Structure formats: C-alpha cells, structure tokens
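Peer 1: Have a look at this one before I ask anything.
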Amino acid sequence: MYKVLTLNQISTKGLERLPRESYEIASEFSSPDAILLRSHKLQAEDIAKSVKAIGRAGAGTNNIPVGACTERGIPVFNSPGANANAVKELVIAGLALGSRGILPGIAYVNSLGHMNDAGEMAKLLEKEKKRFKGNELAGRTLGVVGLGAIGSMIANAALNLGMEVVGYDPALSVDAAWRLPSSVKKMENINSLFAKADYITLHLPVLDSTRGMVNADLLSACKPGCCLLNFAREEIVNVDAVIAALDKGQLRQFITDFPVPSLIGREDVVLMPHIGASTDEAEDNCAVMAAEQIDDFLKNGNIKNSVNFPNLQLERSGHCRLAIANHNVPKILGSILGILAEANINIVDMLNKSRNEIAYNLIDLGGDVSSDLLAELAALEGVINVRLIH
Ligand SMILES: NC(=O)c1ccc[n+]([C@@H]2O[C@H](COP(=O)([O-])OP(=O)(O)OC[C@H]3O[C@@H](n4cnc5c(N)ncnc54)[C@H](O)[C@@H]3O)[C@@H](O)[C@H]2O)c1
Ligand SMILES: O=C(O)[C@H](O)COP(=O)(O)O
C-alpha cells in the first residue's frame, strides 16, 4: 500500500487514479510515500524522509522547495498545460474588464436599489451610461510575455478577437514555437514589447531571473495608458512601481490574480483571488495528470513532466526493477553495474538519463535483489537513493 498525503483539496477525479487497492490517501500522514498539492507553501523540513515524489496539480512549482527535493533525489511533477484553457478564459474576461466600463457600470446599477419605478430607472440609466463607455479590443495590440501553454492560447484567442499580438519569450521551447500562429510578432526584448502594446499580459514562471522583472524602469517604457494583466505570479511584478505608474497615468489599469493590501480600494485596479485555474475542468485535468504521474513513478519508476528530473519511461520487463537516483558525475553507473555483475544478476533492460546535477536510472533485472545488495548500492558514493520495485 502506498500512502499519499494531500496538502490541498485535490479533485476526486484525480484521486480516483490512485485506486484504493494500492493507495491510502489522507491529509495527515506521518510517513507518506508521495505528496499531492496545489498552492500549499511546502517547506523542505516538512517533507518526511519517506517521501519519494511530489505532484503539483497545477503549473507553478514556486511553492515547492525544488532545489532541496533534487538534493534528496525526490522528483517534483507538475501538470503542464492542464489548466491553460481556464487561465486563457479568465484573461479574456480581464481584457473585457480592462476595455469596457463593466465593473463600474454594474456597481452603479447596484447602487440604485432605492429606486422603485422601472421607467424612472431606465431614463436615469440611459442618461448616465455615457460615464461607462469603453473601447473595443479589435485593432488594439496585446503584448504576451511568456508564450508557453497559456501565453500561446491567449495569443490565438486575441488574434481571433481582431487584436494585433506581439510576444516575448527568450526561452521558447520548440513545441511551443510550433503552437504559435505565425501572425504573432516576436519582439527582441521586453522593453520593445512594453513600448508597443496597449494591453500586456504576463505568462511566465517566477524564477530568480523573473522576480521583480516588471519594475519602474520597464514600466517607464510602456505606452501611456496601457493596461497590465498579471495572471502569472505576484513576485514578477513590483507592486510599488505599478502603483506609481498608475498614479502617473503611465498605466491606465492593473488587473491581477494576485492581490496585495496596497492595491485594495483603487478604481484603476481589478483584483481576483487567484482563480485562474479554479474551474471544475482545470482542477480535474491537473489532478488527473499529477495523480497518473505519481502512480507511474511509484509503481514503475517512470518519470513524466518532472521539473527537476529527466523524463524517462521504460516498458517493464524482467523480474524486478531498480530505480536509482544519483549525482550526475562519472563512474557511478559503472559502479552500480559492477555490483550487479558481481552478484551474478542479469540486466534485462535499462535506461539512464541526466538533467543538470541529477542522473536517474531504471534497471530491469532477471533475478531478485537481496536487502544486503540494495544496501551496498545505496552506500555507493554519489548514489542518492535506490528503490526496488516488484
Ligand atoms: N493564475 C493562475 O491561477 C495560474 C494558473 C496557471 C499558471 N499560472 C502561472 O503562469 C505561469 C505560466 O504557465 P504556463 O502553463 O504557460 O507555463 P509554460 O511553462 O508552458 O510557459 C511559460 C513560458 O514562459 C517562458 N519564459 C521563461 N522565462 C521568461 C522570461 N524571462 N521572459 C518571457 N518568457 C519567459 C518560458 O520559455 C515558457 O515558454 C506558471 O509558471 C504559473 O506561475 C498561474
Ligand atoms: O500555477 C498554477 O497552476 C496556478 O497558479 C493555479 O494554482 P492553484 O492550483 O492553487 O489554483
């Protein structure tokens, strides 16, 4: 039986991928085999020694101490693209809120609760509606920063709305480049994107290189009257700089899924409670993907969509499987194979891959492995952990 600790509410559809005959699932366990979570801020010291894998039902993994997990040989999985459509739809709503007098218009109508004559009310609304006039999105330019799963979907949707789309992504993957319509104009640097766009939407991860990226300097490059949308992460944007840009009129509006107290109460700010991925569909998609990845890792050692380990899948063959994580330095694999050869154990199939400082091996064996042999493998210098899977 494997134990899976859930640190957020995970959709039932996802949990069903971890069947009861093999899994116990609970929000409290002293020694779980795996952790499933969403945005729960996980501290390295709260990851029990027994944990073999962490599954993030979502995209961003900045709430997980990924570096500490790598050092301990724990793969961290996420669910790339599984909530992208949900975020795309909310950003389209954000664009509508940023271009039309929707929120103040609704607030005004709701303030008329004291009126009881429908005719009078209709007359008043027709007189006052000019205060809530907006502009159309068609013909305006949208700048998309980060053209991955979400950014590329938004670029497509905005083109369909008749917008011009410019994009910036210095680390664009080949797959993401294929997904991108050729009419998205690629900008050489982020300053040019800020200078060109009427609406700017952020869809990049928070990394050391992107933390505080939208600062006073960058905002001074934007087109006066621009509308900025942040559905990526709070830390990417310097909020004080945004407030100063709003006060100067450099920015007309800031729409964000990451509210902080200093933004509350401003008419030029729209705040949402981090609901980009909060749809039934996205929650199911993310949970299913994360649970399936955890299941395949625990039962077969296979790795798909890890943010710190190499992707590696091997069809099962032989009697049992060794899954070994080690530091990515020479001679370790040779030592592992030497120990198995010495013990006269036949290797039926194997795969070895590395990613940055970590290497990972799946070795299918013709015979069984004793606990002494497992201990010998685990004690090899450079080996981080060894798992025997039957
Ligand atoms: N509001 C929400 O609920 C919500 C939901 C999902 C994701 N997110 C956030 O959105 C981010 C993006 O999600 P995704 O699914 O599109 O991820 P993704 O990995 O598919 O795309 C991210 C893109 O950002 C690019 N990038 C990296 N550094 C960059 C930089 N300096 N400048 C411009 N682009 C850069 C990458 O090359 C990649 O193409 C996530 O990391 C997460 O933080 C928020
Ligand atoms: O990175 C993500 O996937 C989003 O921020 C969603 O986070 P959530 O799962 O906590 O809604």
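Following the order of the structure tokens, chains are lettered A, B, ..., residues in each are numbered from 1, and ligands are numbered from 1.
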What are the DSSP strand (DSSP E) residues of segment 128-319 of chain A, as a VMD selection string?
Peer 2: chain A and resid 141 to 145 164 to 168 185 to 186 199 to 202 226 to 230 251 to 256 269 to 271
Peer 1: Store the residues picked out above, limited to C-alpha atoms, as a PDB file, in the first residue's frame.
Peer 2:
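See out34.pdb below for the written result:
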ATOM      1  CA  THR A 141      -2.184  45.478 -29.610  1.00  0.00           C
ATOM      2  CA  LEU A 142      -1.766  42.775 -26.988  1.00  0.00           C
ATOM      3  CA  GLY A 143       1.741  42.028 -25.703  1.00  0.00           C
ATOM      4  CA  VAL A 144       2.141  38.475 -24.363  1.00  0.00           C
ATOM      5  CA  VAL A 145       5.163  37.898 -22.127  1.00  0.00           C
ATOM      6  CA  GLU A 164      -2.636  42.529 -33.085  1.00  0.00           C
ATOM      7  CA  VAL A 165      -0.405  40.278 -30.969  1.00  0.00           C
ATOM      8  CA  VAL A 166       3.257  40.779 -30.116  1.00  0.00           C
ATOM      9  CA  GLY A 167       5.135  38.273 -27.955  1.00  0.00           C
ATOM     10  CA  TYR A 168       8.348  37.939 -25.990  1.00  0.00           C
ATOM     11  CA  LYS A 185       5.114  39.211 -33.960  1.00  0.00           C
ATOM     12  CA  LYS A 186       8.148  38.196 -31.925  1.00  0.00           C
ATOM     13  CA  TYR A 199      -2.542  45.575 -23.189  1.00  0.00           C
ATOM     14  CA  ILE A 200       0.260  43.496 -21.662  1.00  0.00           C
ATOM     15  CA  THR A 201      -0.341  40.055 -20.180  1.00  0.00           C
ATOM     16  CA  LEU A 202       2.248  38.063 -18.201  1.00  0.00           C
ATOM     17  CA  CYS A 226      -1.526  50.814 -21.155  1.00  0.00           C
ATOM     18  CA  CYS A 227      -3.388  48.088 -19.244  1.00  0.00           C
ATOM     19  CA  LEU A 228      -1.269  45.433 -17.463  1.00  0.00           C
ATOM     20  CA  LEU A 229      -2.596  41.975 -16.588  1.00  0.00           C
ATOM     21  CA  ASN A 230      -0.781  39.652 -14.194  1.00  0.00           C
ATOM     22  CA  LEU A 251      -0.595  52.633 -16.687  1.00  0.00           C
ATOM     23  CA  ARG A 252      -4.353  53.045 -17.069  1.00  0.00           C
ATOM     24  CA  GLN A 253      -5.290  49.836 -15.300  1.00  0.00           C
ATOM     25  CA  PHE A 254      -3.787  46.851 -13.483  1.00  0.00           C
ATOM     26  CA  ILE A 255      -5.701  43.574 -13.478  1.00  0.00           C
ATOM     27  CA  THR A 256      -4.258  40.807 -11.351  1.00  0.00           C
ATOM     28  CA  VAL A 269      -7.134  48.070 -10.236  1.00  0.00           C
ATOM     29  CA  VAL A 270      -9.101  44.825 -10.635  1.00  0.00           C
ATOM     30  CA  LEU A 271      -8.251  42.154  -8.079  1.00  0.00           C
TER      31      LEU A 271
END
Peer 1: Write out as a tab-separated table a residue-level contact list of segment 74-154 of chain A versus segment 297-303 of chain A with cut-off 12 Å: for each qualifying residue the closest pair of atoms and the distance in Å to one decimal, counting only C-alpha atoms, rows sorted by chain and residue number upward.
Peer 2:
residue	atom	partner	partner_atom	distance
A:Ile74	CA	A:Phe297	CA	10.8
A:Pro75	CA	A:Ile303	CA	8.1
A:Val76	CA	A:Ile303	CA	9.6
A:Phe77	CA	A:Ile303	CA	8.4
A:Asn78	CA	A:Ile303	CA	11.2
Peer 1: Closest to Ala323 of chain A among A:Asn361, A:Ser173, A:Ser31, A:Asn305, using only C-alpha atoms?
Peer 2: A:Asn361
Peer 1: Measuring atom to atom with only C-alpha atoms and all ligand atoms, identify which of A:Ala282, A:Ala53, A:Leu180, A:Leu312 is nearest to ligand 2.
Peer 2: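 Under the stated criterion, the closest residue is A:Ala282.
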Peer 1: Could you give me, as a Markdown table, a per-residue list for chain A showing, wherever an atom lies at most 8 Å from an atom of ligand 1, the closest pair of atoms and their distance in Å to one decimal, using only C-alpha atoms and all ligand atoms and sorting by chain then residue number from low to high?
Peer 2:
| residue | atom | partner | partner_atom_place_in_ligand_line | distance |
| --- | --- | --- | --- | --- |
| A:Gly58 | CA | ligand 1 | 6 (C) | 6.3 |
| A:Ala59 | CA | ligand 1 | 7 (C) | 4.9 |
| A:Gly60 | CA | ligand 1 | 42 (C) | 4.1 |
| A:Thr61 | CA | ligand 1 | 41 (O) | 7.2 |
| A:Asn62 | CA | ligand 1 | 43 (O) | 7.5 |
| A:Pro80 | CA | ligand 1 | 15 (O) | 5.4 |
| A:Gly81 | CA | ligand 1 | 15 (O) | 5.0 |
| A:Ala82 | CA | ligand 1 | 15 (O) | 7.6 |
| A:Asn83 | CA | ligand 1 | 6 (C) | 5.9 |
| A:Ala84 | CA | ligand 1 | 15 (O) | 5.7 |
| A:Ala86 | CA | ligand 1 | 5 (C) | 7.8 |
| A:Val87 | CA | ligand 1 | 5 (C) | 5.7 |
| A:Val145 | CA | ligand 1 | 33 (C) | 5.0 |
| A:Gly146 | CA | ligand 1 | 34 (N) | 3.5 |
| A:Leu147 | CA | ligand 1 | 39 (O) | 4.7 |
| A:Gly148 | CA | ligand 1 | 21 (O) | 3.3 |
| A:Ala149 | CA | ligand 1 | 20 (O) | 3.8 |
| A:Ile150 | CA | ligand 1 | 16 (O) | 3.8 |
| A:Gly151 | CA | ligand 1 | 16 (O) | 5.5 |
| A:Ser152 | CA | ligand 1 | 16 (O) | 7.7 |
| A:Tyr168 | CA | ligand 1 | 33 (C) | 5.5 |
| A:Asp169 | CA | ligand 1 | 34 (N) | 3.8 |
| A:Pro170 | CA | ligand 1 | 33 (C) | 5.7 |
| A:Ala171 | CA | ligand 1 | 37 (O) | 3.7 |
| A:Leu172 | CA | ligand 1 | 37 (O) | 4.1 |
| A:Ser173 | CA | ligand 1 | 39 (O) | 6.1 |
| A:Ala176 | CA | ligand 1 | 39 (O) | 6.6 |
| A:Ile190 | CA | ligand 1 | 32 (N) | 7.4 |
| A:Leu202 | CA | ligand 1 | 10 (O) | 7.7 |
| A:His203 | CA | ligand 1 | 12 (C) | 4.5 |
| A:Leu204 | CA | ligand 1 | 24 (O) | 3.6 |
| A:Pro205 | CA | ligand 1 | 41 (O) | 3.4 |
| A:Val206 | CA | ligand 1 | 43 (O) | 6.0 |
| A:Leu207 | CA | ligand 1 | 28 (N) | 7.5 |
| A:Ser209 | CA | ligand 1 | 31 (N) | 6.4 |
| A:Thr210 | CA | ligand 1 | 31 (N) | 5.4 |
| A:Met213 | CA | ligand 1 | 31 (N) | 8.0 |
| A:Asn230 | CA | ligand 1 | 1 (N) | 7.9 |
| A:Phe231 | CA | ligand 1 | 1 (N) | 4.3 |
| A:Ala232 | CA | ligand 1 | 9 (C) | 3.8 |
| A:Arg233 | CA | ligand 1 | 43 (O) | 5.2 |
| A:Asp257 | CA | ligand 1 | 1 (N) | 5.6 |
| A:Phe258 | CA | ligand 1 | 1 (N) | 7.7 |
| A:His274 | CA | ligand 1 | 3 (O) | 5.3 |
| A:Ile275 | CA | ligand 1 | 3 (O) | 5.3 |
| A:Gly276 | CA | ligand 1 | 3 (O) | 3.4 |
| A:Ala277 | CA | ligand 1 | 3 (O) | 4.3 |
| A:Ser278 | CA | ligand 1 | 3 (O) | 7.0 |
Peer 1: Return the single residue from A:Arg266, A:Lys41, A:His114, A:Lys331 that is closest to ligand 2, with distances computed using only C-alpha atoms and all ligand atoms.
Peer 2: A:Lys41
Peer 1: For Asn156 of chain A, which residue among A:Ile336, A:Val184, A:Ala343, A:Leu18 is the nearest when counting only C-alpha atoms?
Peer 2: A:Val184
Peer 1: Can you list, as a ChimeraX atom specification, every protein, DNA or RNA residue that comes within 8 Å of Ile25 of chain A when you count only C-alpha atoms, leaving out same-chain residues fewer than 4 positions away?
Peer 2: /A:3-6
Peer 1: Between A:Ser220, A:Asn344, A:Ser306, A:Asn215, which one has atoms that come closest to Gly366 of chain A, using only C-alpha atoms?
Peer 2: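 Among the listed residues, A:Asn344 lies closest to Gly366 of chain A.
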Peer 1: Write out as a PyMOL selection string which residues come within 10 Å of segment 378-388 of chain A when counting only C-alpha atoms, dropping same-chain ones fewer than 3 positions away.
Peer 2: chain A and resi 52+70-74+298+300-301+320-333+335-336+339+358-364+368-375
Peer 1: Would you please extract all helix (DSSP H, G or I) residues from segment 111-158 of chain A, as assigned by DSSP on the backbone, and give them as number ranges by chain?
Peer 2: A: 118-132, 149-158
Peer 1: If we count only C-alpha atoms and set the cut-off at 12 Å, which residues sit around segment 120-127 of chain A, ignoring sequence neighbours fewer than 5 positions away in its own chain? Please answer as number ranges by chain.
Peer 2: A: 105-106, 108-115, 132-133
Peer 1: Closest to ligand 2 among A:Val214, A:Leu15, A:Ala245, A:Leu36, using only C-alpha atoms and all ligand atoms?
Peer 2: A:Leu36
Peer 1: Enter the distance from atom CA of Asn189 of chain A to atom CA of Ala241 of chain A, in Å, rounded to one decimal.
Peer 2: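 About the pair atom CA of Asn189 of chain A and atom CA of Ala241 of chain A: they are 19.9 Å apart.
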Peer 1: In Å to one decimal, how far is atom CA of Asn238 of chain A from atom CA of Gly212 of chain A?
Peer 2: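 Distance between the two atoms: 5.2 Å.
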